[in-house]
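Visitor: Have a peek at protein.txt (compact mmCIF, C-alpha atoms).
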# COMPACT_ATOMS: atom_id res chain seq x y z
CA MET A 1 38.69 253.16 104.30
CA SER A 2 40.99 252.26 107.18
CA ARG A 3 44.63 251.63 106.34
CA PHE A 4 46.95 249.37 108.27
CA GLY A 5 48.82 252.35 109.69
CA ASP A 6 45.59 253.96 110.92
CA ILE A 7 44.72 251.09 113.23
CA ARG A 8 45.84 251.54 116.82
CA LEU A 9 45.90 248.66 119.24
CA ASP A 10 46.78 248.77 122.90
CA ALA A 11 50.37 247.64 123.43
CA ALA A 12 49.13 245.24 126.11
CA ILE A 13 46.96 243.48 123.52
CA VAL A 14 49.96 243.06 121.22
CA ARG A 15 52.03 241.62 124.07
CA ARG A 16 49.24 239.19 124.85
CA LEU A 17 49.14 238.29 121.15
CA MET A 18 52.88 237.59 121.29
CA ARG A 19 52.25 235.23 124.21
CA GLY A 20 49.68 233.39 122.08
CA GLU A 21 46.55 234.34 124.04
CA ARG A 22 43.45 233.41 122.09
CA LYS A 23 41.39 236.48 123.04
CA ALA A 24 44.18 238.82 121.90
CA GLN A 25 44.50 236.86 118.67
CA GLU A 26 40.83 237.43 117.97
CA ILE A 27 41.06 241.16 118.78
CA VAL A 28 43.98 241.56 116.38
CA TYR A 29 42.15 239.56 113.72
CA ARG A 30 39.00 241.69 114.10
CA ALA A 31 41.06 244.90 113.88
CA TYR A 32 42.98 243.98 110.74
CA ALA A 33 40.75 241.49 108.90
CA ASN A 34 38.90 244.09 106.82
CA PRO A 35 41.96 245.98 105.52
CA VAL A 36 43.67 242.68 104.66
CA TYR A 37 40.57 241.31 102.96
CA THR A 38 39.87 244.59 101.13
CA MET A 39 43.36 244.71 99.68
CA ALA A 40 43.26 241.03 98.69
CA ARG A 41 39.81 241.35 97.11
CA ARG A 42 40.66 244.50 95.14
CA MET A 43 44.02 243.15 94.00
CA LEU A 44 43.22 239.50 93.30
CA ARG A 45 39.68 240.21 92.01
CA ASP A 46 38.48 236.81 93.12
CA GLN A 47 36.56 236.17 96.31
CA GLY A 48 37.94 232.67 96.89
CA LEU A 49 41.55 233.76 96.42
CA ALA A 50 41.01 236.83 98.60
CA GLU A 51 39.60 234.70 101.42
CA GLU A 52 42.49 232.26 101.10
CA ALA A 53 45.06 235.09 101.15
CA THR A 54 43.37 236.62 104.20
CA GLN A 55 43.36 233.32 106.08
CA ASP A 56 46.97 232.55 105.17
CA THR A 57 48.00 236.05 106.29
CA PHE A 58 46.45 235.63 109.73
CA VAL A 59 47.68 232.07 110.19
CA ASP A 60 51.19 233.42 109.54
CA VAL A 61 50.68 236.42 111.81
CA LEU A 62 49.18 234.52 114.73
CA THR A 63 51.59 231.59 114.64
CA ARG A 64 54.68 233.79 114.30
CA ALA A 65 53.63 236.69 116.55
CA ALA A 66 56.12 235.67 119.24
CA LYS A 67 58.90 236.68 116.86
CA LEU A 68 57.64 240.26 116.54
CA GLU A 69 60.47 242.51 117.69
CA ARG A 70 58.60 245.75 118.39
CA VAL A 71 55.01 246.09 119.57
CA GLU A 72 54.44 249.15 117.38
CA ALA A 73 55.56 247.28 114.25
CA LEU A 74 52.51 245.01 114.25
CA GLY A 75 50.48 246.90 111.61
CA GLY A 76 53.37 247.17 109.18
CA TRP A 77 54.26 243.53 109.73
CA ILE A 78 50.70 242.35 109.03
CA ARG A 79 50.60 244.52 105.92
CA THR A 80 53.92 243.10 104.68
CA ILE A 81 52.66 239.53 105.12
CA ALA A 82 49.36 240.39 103.40
CA VAL A 83 51.16 242.06 100.47
CA ASN A 84 53.39 239.01 100.07
CA GLN A 85 50.40 236.69 100.15
CA CYS A 86 48.77 238.73 97.36
CA LEU A 87 51.98 238.92 95.31
CA MET A 88 52.50 235.17 95.63
CA ARG A 89 49.08 234.59 94.13
CA LEU A 90 49.46 237.25 91.44
CA ARG A 91 52.72 235.62 90.33
CA SER A 92 51.18 232.18 89.88
CA PRO A 93 50.81 231.20 86.21
CA TRP A 94 47.23 230.14 86.89
CA HIS A 95 46.33 233.59 88.15
CA ARG A 96 48.10 235.34 85.27
CA ARG A 97 46.12 233.30 82.75
CA ARG A 98 42.91 234.00 84.60
CA ASP A 99 43.75 237.72 84.68
CA GLU A 100 44.26 237.72 80.91
CA LEU A 101 40.88 236.13 80.32
CA ALA A 102 38.96 238.26 82.81
CA GLY A 103 36.84 241.11 81.55
CA ASP A 104 36.65 244.53 83.16
CA GLU A 105 33.44 243.96 85.05
CA PRO A 106 33.59 245.12 88.66
CA THR A 107 34.21 242.17 90.95
CA VAL A 108 32.92 243.89 94.05
CA ASP A 109 29.46 245.28 94.62
CA ASP A 110 30.29 248.84 95.60
CA GLY A 111 26.94 250.39 94.80
CA PRO A 112 26.40 252.85 91.98
CA GLY A 113 28.70 255.46 90.44
CA ARG A 114 32.16 256.50 91.44
CA ALA A 115 33.37 253.37 93.20
CA ILE A 116 32.26 251.09 90.37
CA ASP A 117 34.11 253.27 87.84
CA ILE A 118 37.42 253.15 89.66
CA ASP A 119 37.00 249.45 90.47
CA GLN A 120 36.34 248.72 86.78
CA ALA A 121 39.39 250.76 85.90
CA LEU A 122 41.51 248.75 88.37
CA GLY A 123 40.27 245.60 86.67
CA ARG A 124 41.78 246.77 83.39
CA LEU A 125 45.27 246.85 84.88
CA SER A 126 47.60 243.89 85.13
CA GLY A 127 47.97 242.37 88.59
CA ASN A 128 51.39 243.97 89.08
CA ALA A 129 50.19 247.42 88.03
CA ARG A 130 47.15 247.11 90.32
CA MET A 131 49.36 246.18 93.23
CA VAL A 132 51.78 249.06 92.57
CA VAL A 133 48.91 251.57 92.43
CA TRP A 134 47.39 250.20 95.62
CA LEU A 135 50.61 250.17 97.59
CA HIS A 136 51.51 253.68 96.47
CA CYS A 137 48.12 255.41 96.68
CA ILE A 138 46.42 253.61 99.53
CA GLU A 139 49.24 252.30 101.69
CA GLY A 140 51.71 255.11 101.02
CA TYR A 141 54.62 252.89 99.97
CA THR A 142 57.58 254.68 98.40
CA HIS A 143 58.98 253.51 95.07
CA ASP A 144 61.93 251.97 96.90
CA GLU A 145 59.60 250.00 99.16
CA ILE A 146 57.53 248.82 96.20
CA ALA A 147 60.69 247.84 94.35
CA ALA A 148 61.80 245.79 97.37
CA ALA A 149 58.43 244.04 97.58
CA PHE A 150 58.58 243.06 93.91
CA GLY A 151 62.30 242.34 93.88
CA ARG A 152 62.70 244.89 91.08
CA SER A 153 64.22 248.34 90.63
CA PRO A 154 62.49 251.59 91.65
CA SER A 155 62.16 252.47 87.96
CA PHE A 156 59.90 249.43 87.57
CA SER A 157 57.61 250.89 90.21
CA LYS A 158 57.68 254.36 88.64
CA SER A 159 56.92 253.16 85.12
CA GLN A 160 54.15 250.81 86.30
CA LEU A 161 52.59 253.63 88.29
CA ALA A 162 52.80 256.18 85.46
CA ARG A 163 51.19 253.83 82.96
CA ALA A 164 48.58 252.71 85.46
CA TYR A 165 47.62 256.31 86.19
CA ARG A 166 47.24 256.93 82.46
CA VAL A 167 44.89 253.98 82.07
CA LEU A 168 42.92 254.81 85.22
CA THR A 169 42.52 258.44 84.22
CA GLU A 170 41.46 257.60 80.69
CA HIS A 171 39.05 254.92 81.79
CA CYS A 172 37.48 257.20 84.33
CA HIS A 173 37.22 260.02 81.80
CA ALA A 174 35.38 257.66 79.50
CA ALA A 175 33.11 256.58 82.34
CA GLY A 176 32.59 260.25 83.16
CA ASP A 177 31.07 261.06 79.79
CA GLY A 178 27.61 260.77 81.28
CA GLY A 179 28.50 263.40 83.86
CA GLU A 180 28.53 261.02 86.86
CA GLY A 181 31.95 259.39 86.42
CA VAL A 182 35.00 259.69 88.58
CA LEU A 183 36.64 262.36 86.48
CA ALA A 184 33.67 264.10 84.91
CA GLY A 185 34.52 267.47 83.41
CA GLU A 186 38.00 266.55 82.15
CA PRO A 187 38.46 266.38 78.36
CA GLU A 188 38.61 262.83 77.03
CA ARG A 189 41.87 261.88 75.36
CA GLY A 190 42.32 259.18 72.71
CA THR A 191 39.96 256.87 70.91
CA GLU A 192 38.52 253.70 72.43
CA ASP A 193 41.15 251.69 70.54
CA GLU A 194 43.94 253.84 71.92
CA ARG A 195 42.60 253.39 75.43
CA SER A 196 42.39 249.64 75.00
CA ARG A 197 45.95 249.55 73.69
CA ALA A 198 47.10 251.58 76.67
CA ALA A 199 45.32 249.20 79.01
CA CYS A 200 46.86 246.15 77.34
CA ALA A 201 50.31 247.71 77.38
CA ILE A 202 50.44 247.63 81.17
CA MET B 203 54.96 279.20 80.22
CA SER B 204 56.07 276.12 78.26
CA ASP B 205 53.80 274.24 75.84
CA HIS B 206 53.87 271.24 78.15
CA GLU B 207 52.50 272.94 81.24
CA PRO B 208 48.75 272.81 80.48
CA ARG B 209 49.02 269.09 79.71
CA ALA B 210 51.13 268.52 82.83
CA GLN B 211 48.62 270.38 84.97
CA SER B 212 45.80 268.34 83.45
CA ASP B 213 47.74 265.12 84.17
CA ASP B 214 48.38 266.18 87.78
CA HIS B 215 44.72 266.97 88.17
CA GLY B 216 43.81 263.54 86.76
CA VAL B 217 46.23 261.77 89.09
CA ALA B 218 44.83 263.66 92.07
CA GLU B 219 41.30 262.67 91.12
CA VAL B 220 42.30 259.03 90.63
CA ASN B 221 43.96 259.08 94.06
CA GLU B 222 40.85 260.58 95.57
CA ALA B 223 38.62 257.97 93.91
CA LEU B 224 40.89 255.12 95.06
CA ASN B 225 40.92 256.37 98.62
CA ALA B 226 37.13 256.72 98.54
CA LEU B 227 36.67 253.02 97.70
CA PRO B 228 34.64 251.46 100.49
CA GLU B 229 36.27 249.00 102.86
CA LEU B 230 35.04 245.45 102.36
CA ALA B 231 33.99 243.28 105.27
CA ALA B 232 35.86 240.00 105.63
CA PRO B 233 33.35 237.14 105.81
CA ASP B 234 32.73 236.02 109.41
CA ARG B 235 33.56 232.40 108.60
CA LEU B 236 37.21 233.29 107.93
CA TRP B 237 38.00 233.62 111.62
CA ASP B 238 36.76 230.08 112.27
CA GLY B 239 39.08 228.80 109.56
CA VAL B 240 42.04 230.75 110.94
CA ARG B 241 41.34 229.48 114.47
CA ARG B 242 41.13 225.87 113.30
CA ARG B 243 44.39 226.19 111.42
CA ILE B 244 46.35 227.76 114.27
CA ASP B 245 44.98 225.11 116.64
CA ALA B 246 46.22 222.43 114.27
CA ALA B 247 49.61 224.09 113.69
CA PRO B 248 51.45 222.82 116.82
CA ALA B 249 50.46 219.23 116.09
CA ARG B 250 51.64 219.57 112.50
CA ARG B 251 54.92 221.08 113.64
CA ALA B 252 55.45 218.25 116.09
CA ARG B 253 54.80 215.69 113.37
CA SER B 254 57.02 217.49 110.90
CA ARG B 255 59.96 217.26 113.32
CA PHE B 256 59.88 213.48 112.90
CA VAL B 257 59.63 213.51 109.13
CA PRO B 258 63.39 213.89 108.44
CA PHE B 259 64.16 211.05 110.86
CA ALA B 260 61.47 208.87 109.29
CA LEU B 261 62.82 209.57 105.82
CA ALA B 262 66.39 208.87 106.92
CA ALA B 263 65.29 205.59 108.54
CA SER B 264 63.41 204.63 105.38
CA LEU B 265 66.49 205.33 103.31
CA LEU B 266 68.60 203.10 105.56
CA VAL B 267 66.06 200.30 105.13
CA ALA B 268 66.14 200.78 101.36
CA ALA B 269 69.95 200.79 101.38
CA ALA B 270 70.04 197.63 103.50
CA LEU B 271 67.55 196.02 101.12
CA ALA B 272 69.67 196.83 98.10
CA VAL B 273 72.79 195.48 99.77
CA LEU B 274 71.04 192.30 100.92
CA LEU B 275 69.50 191.62 97.54
CA GLY B 276 72.68 192.42 95.72
CA ILE B 277 75.05 190.05 97.53
CA GLU B 278 74.62 187.23 95.02
CA PRO B 279 77.29 187.50 92.31
CA ALA B 280 74.76 186.30 89.72
CA ASP B 281 72.58 189.36 90.41
CA ARG B 282 75.34 191.80 89.78
CA GLY B 283 75.21 193.59 86.48
CA ALA B 284 74.08 196.78 84.85
CA ALA B 285 70.99 197.03 87.09
CA ASP B 286 73.17 196.80 90.22
CA VAL B 287 75.44 199.52 88.94
CA ASP B 288 72.36 201.69 88.42
CA ILE B 289 71.08 200.82 91.87
CA ALA B 290 74.39 201.82 93.39
CA ALA B 291 74.25 205.12 91.51
CA LEU B 292 70.66 205.69 92.61
CA LEU B 293 71.55 205.00 96.23
CA GLU B 294 74.42 207.44 95.95
CA ARG B 295 72.07 210.10 94.53
CA SER B 296 69.58 209.35 97.25
CA ARG B 297 72.24 209.77 99.95
CA ASN B 298 73.31 213.06 98.39
CA VAL B 299 69.76 214.43 98.32
CA GLU B 300 69.29 213.38 101.93
CA ALA B 301 72.52 215.10 102.90
CA GLU B 302 71.47 218.29 101.10
CA ARG B 303 68.11 218.27 102.84
CA ARG B 304 69.73 217.68 106.22
CA ALA B 305 72.07 220.61 105.58
CA ARG B 306 69.06 222.92 105.25
CA PRO B 307 66.72 222.17 108.12
CA VAL B 308 62.96 222.34 107.57
CA VAL B 309 61.72 225.66 108.95
CA LEU B 310 58.08 225.49 107.86
CA SER B 311 55.36 222.96 108.43
CA PRO B 312 54.98 220.89 105.24
CA SER B 313 52.59 222.18 102.59
CA GLY B 314 49.97 219.93 100.95
CA VAL B 315 52.30 219.08 98.06
CA GLU B 316 55.16 218.26 100.41
CA ARG B 317 52.91 215.98 102.44
CA VAL B 318 51.78 214.18 99.26
CA LEU B 319 55.42 213.65 98.26
CA GLN B 320 56.29 212.38 101.74
CA VAL B 321 53.39 209.93 101.62
CA ARG B 322 54.47 208.69 98.19
CA ILE B 323 58.04 208.24 99.38
CA GLY B 324 56.72 206.32 102.37
CA GLY B 325 54.67 204.12 100.02
CA ILE B 326 57.76 203.31 97.95
CA ASP B 327 59.67 202.44 101.11
CA ALA B 328 56.88 200.06 102.05
CA LEU B 329 57.13 198.40 98.63
CA LEU B 330 60.89 198.11 98.99
CA ASN B 331 60.39 196.46 102.38
CA GLU B 332 57.97 193.99 100.81
CA GLN B 333 60.59 193.18 98.20
CA LEU B 334 63.07 192.52 100.98
CA LEU B 335 60.75 189.86 102.38
CA GLN B 336 59.61 188.34 99.08
CA GLY B 337 62.63 188.83 96.84
CA THR B 338 62.11 190.38 93.41
CA ASP B 339 64.14 191.16 90.33
CA PRO B 340 66.69 194.02 90.37
CA SER B 341 64.87 195.98 87.62
CA ALA B 342 61.80 196.41 89.88
CA ARG B 343 64.06 197.60 92.72
CA GLN B 344 65.79 199.94 90.33
CA ALA B 345 62.47 201.45 89.16
CA LEU B 346 61.30 201.99 92.73
CA LEU B 347 64.58 203.53 93.80
CA ARG B 348 64.62 205.81 90.76
CA GLU B 349 61.12 207.03 91.57
CA ARG B 350 62.12 207.52 95.19
CA VAL B 351 65.12 209.64 94.23
CA GLU B 352 63.03 211.76 91.87
CA LEU B 353 60.40 212.35 94.56
CA MET B 354 63.10 213.24 97.06
CA GLU B 355 64.56 215.76 94.64
CA ASP B 356 61.12 217.30 94.02
CA LEU B 357 60.65 217.54 97.77
CA LYS B 358 64.05 219.19 98.18
CA HIS B 359 63.25 221.78 95.48
CA ILE B 360 59.87 222.63 97.01
CA GLU B 361 61.39 222.98 100.48
CA ARG B 362 64.09 225.26 99.10
CA TYR B 363 61.51 227.37 97.23
CA ARG B 364 59.38 227.81 100.35
CA ARG B 365 62.44 228.60 102.47
CA ASP B 366 63.48 231.27 99.94
CA GLU B 367 59.96 232.73 100.02
CA LEU B 368 60.10 232.88 103.81
CA PHE B 369 63.54 234.45 103.69
CA GLN B 370 62.31 237.13 101.27
CA GLN B 371 59.39 237.88 103.58
CA ALA B 372 61.68 238.15 106.55
CA VAL B 373 64.10 240.45 104.70
CA PHE B 374 61.31 242.68 103.47
Can the structure in the file be given as structure tokens, please?
Guide:
Amino acid sequence: MSRFGDIRLDAAIVRRLMRGERKAQEIVYRAYANPVYTMARRMLRDQGLAEEATQDTFVDVLTRAAKLERVEALGGWIRTIAVNQCLMRLRSPWHRRRDELAGDEPTVDDGPGRAIDIDQALGRLSGNARMVVWLHCIEGYTHDEIAAAFGRSPSFSKSQLARAYRVLTEHCHAAGDGGEGVLAGEPERGTEDERSRAACAI
Amino acid sequence: MSDHEPRAQSDDHGVAEVNEALNALPELAAPDRLWDGVRRRIDAAPARRARSRFVPFALAASLLVAAALAVLLGIEPADRGAADVDIAALLERSRNVEAERRARPVVLSPSGVERVLQVRIGGIDALLNEQLLQGTDPSARQALLRERVELMEDLKHIERYRRDELFQQAVF
């Protein structure tokens, strides 16, 4: 999976983007659309919301590109806007209610096995916990950076991450009972009830 | 070796495997149609921005018309009473909200909700203008002005919320 930081664009393209050239806008969109959409889809767990967040991210990026201060900051800037778009939606009361009612079915067709297990496990986390895990594990955010994104303290990030890891590990152990799960081979800890309580506690 | 070490090692191993599984999740392809939507919206953005520049002036002009209406309809001593006092208070509130909005310039193109509020405020101004021509009772004027002030305050709160969101994004 490509991360925002892994994508390299020619500095000339970014300068053309800053001047508002349509072709450069499309090149930047094509380069970053999949990472933005992937994050939105995994975090929001709703195709419509993910598409909306992706569109809003790029409308922001393309209309405000002239204000970009450093050419090399483009990837981080796009990621910041995308994260904020996801957080804005996760914070909405409508989304919270929907999250509470949603089951732990995978929302993305990843094919069989490992990916489905971890995607199901992500679905058992609250929106905030999912976002913290994603930012830390996939995007390499530090706890301080996550705290700044959420407007909370670093201990919020640490506790969310620790509890999320516990749920993810336990869920994947349970899924691994058949020998094909993410964490097959590790001893399973706790009863089903205990795992559910742990999932709900996050 | 402490009693906690085997459990800690097992936890570390679990975390590493979760990390590995997360990083192995396949990238999802953004639907092709999204680019068309983005392109349409950025093409429309300059026009919206241009229109939005006139909105504060239009609202200020509407307020002046409403104020003139209230003054014109309130010049008869017989009309003066509790309703007029309320109208004066409403006009004062309206002026204050306008001043607060002017003090914080609009930095974003209006959202859907803001546009709806602006249209409703415009509709009320049109009704107030009609009253100016036809002449109606002070209680109807009062109701319209009250609604106008409430809508203006809603609009002010939404603008402030969006400005704060933008500020947070910029800071982060």
Visitor: Expressed in Å to a single decimal, how great is the separation between atom CA of B:Leu329 and atom CA of B:Ser311?
Guide: 26.5 Å
Visitor: Residues within 7 Å of A:Val14, please, as a PyMOL selection string. Count all atoms listed in the file; anything in the same chain fewer than 4 positions from it doesn't count.
Guide: chain A and resi 10+18+71
Visitor: Write out as a ChimeraX atom specification which residues come within 7 Å of stretch 346-352 of chain B when counting all atoms listed in the file, dropping same-chain ones fewer than 5 positions away.
Guide: /B:292,295-296,323,326
Visitor: Have a look at atom CA of A:Ala82 and atom CA of A:Ala53 and let me know their distance in Å, one decimal.
Guide: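 Rounded to one decimal, the two atoms are 7.2 Å apart.
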Visitor: Quick one: residues within 9 Å of B:Lys358, all atoms listed in the file counted, chain neighbours fewer than 4 positions away excluded, as a list in words?
Guide: Val299, Glu300, Glu302, Arg303, Leu353, Met354, Arg362 and Tyr363 of chain B
Visitor: As a PDB file with C-alpha atoms, in the coordinates of the input, please: the residues near stretch 220-222 of chain B (cut-off 7 Å, all atoms listed in the file, same-chain neighbours under 2 positions excluded).
Guide:
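Final output, out_33.pdb:
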ATOM      1  CA  CYS A 137      48.120 255.410  96.680  1.00  0.00           C
ATOM      2  CA  LEU A 168      42.920 254.810  85.220  1.00  0.00           C
ATOM      3  CA  THR A 169      42.520 258.440  84.220  1.00  0.00           C
TER       4      THR A 169
ATOM      5  CA  GLY B 216      43.810 263.540  86.760  1.00  0.00           C
ATOM      6  CA  VAL B 217      46.230 261.770  89.090  1.00  0.00           C
ATOM      7  CA  ALA B 218      44.830 263.660  92.070  1.00  0.00           C
ATOM      8  CA  LEU B 224      40.890 255.120  95.060  1.00  0.00           C
ATOM      9  CA  ASN B 225      40.920 256.370  98.620  1.00  0.00           C
ATOM     10  CA  ALA B 226      37.130 256.720  98.540  1.00  0.00           C
TER      11      ALA B 226
END
Visitor: Compile the residues of chain B that lie within 6 Å of chain A, evaluated using all atoms listed in the file, and express the compilation as a VMD selection string.
Guide: chain B and resid 216 227 to 232 240
Visitor: Please measure the separation of atom CA of B:Ala305 and atom CA of B:Gln320, giving the value in Å to one decimal.
Guide: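 Interatomic distance, atom CA of B:Ala305 to atom CA of B:Gln320: 18.2 Å.
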Visitor: Find the residues near A:Asn128: any atom within 9 Å, counting all atoms listed in the file, skip ones fewer than 4 places away on the same chain, and give them as number ranges by chain.
Guide: A: 43, 87, 90-91, 132-133, 150, 160, 202
Visitor: Under the rule that all atoms listed in the file are counted, which of B:Asp234, B:Asp356, B:Glu332, B:Glu219 is the nearest residue to B:Val318?
Guide: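 When distances to B:Val318 are compared using all atoms listed in the file, the smallest one comes from B:Asp356.
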Visitor: Looking at only C-alpha atoms, which of A:Arg8, A:Glu21, A:His171, A:Asp46 is the one that sits closest to B:Asp245?
Guide: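 Answer, going by the shortest atom-to-atom distance: A:Glu21.
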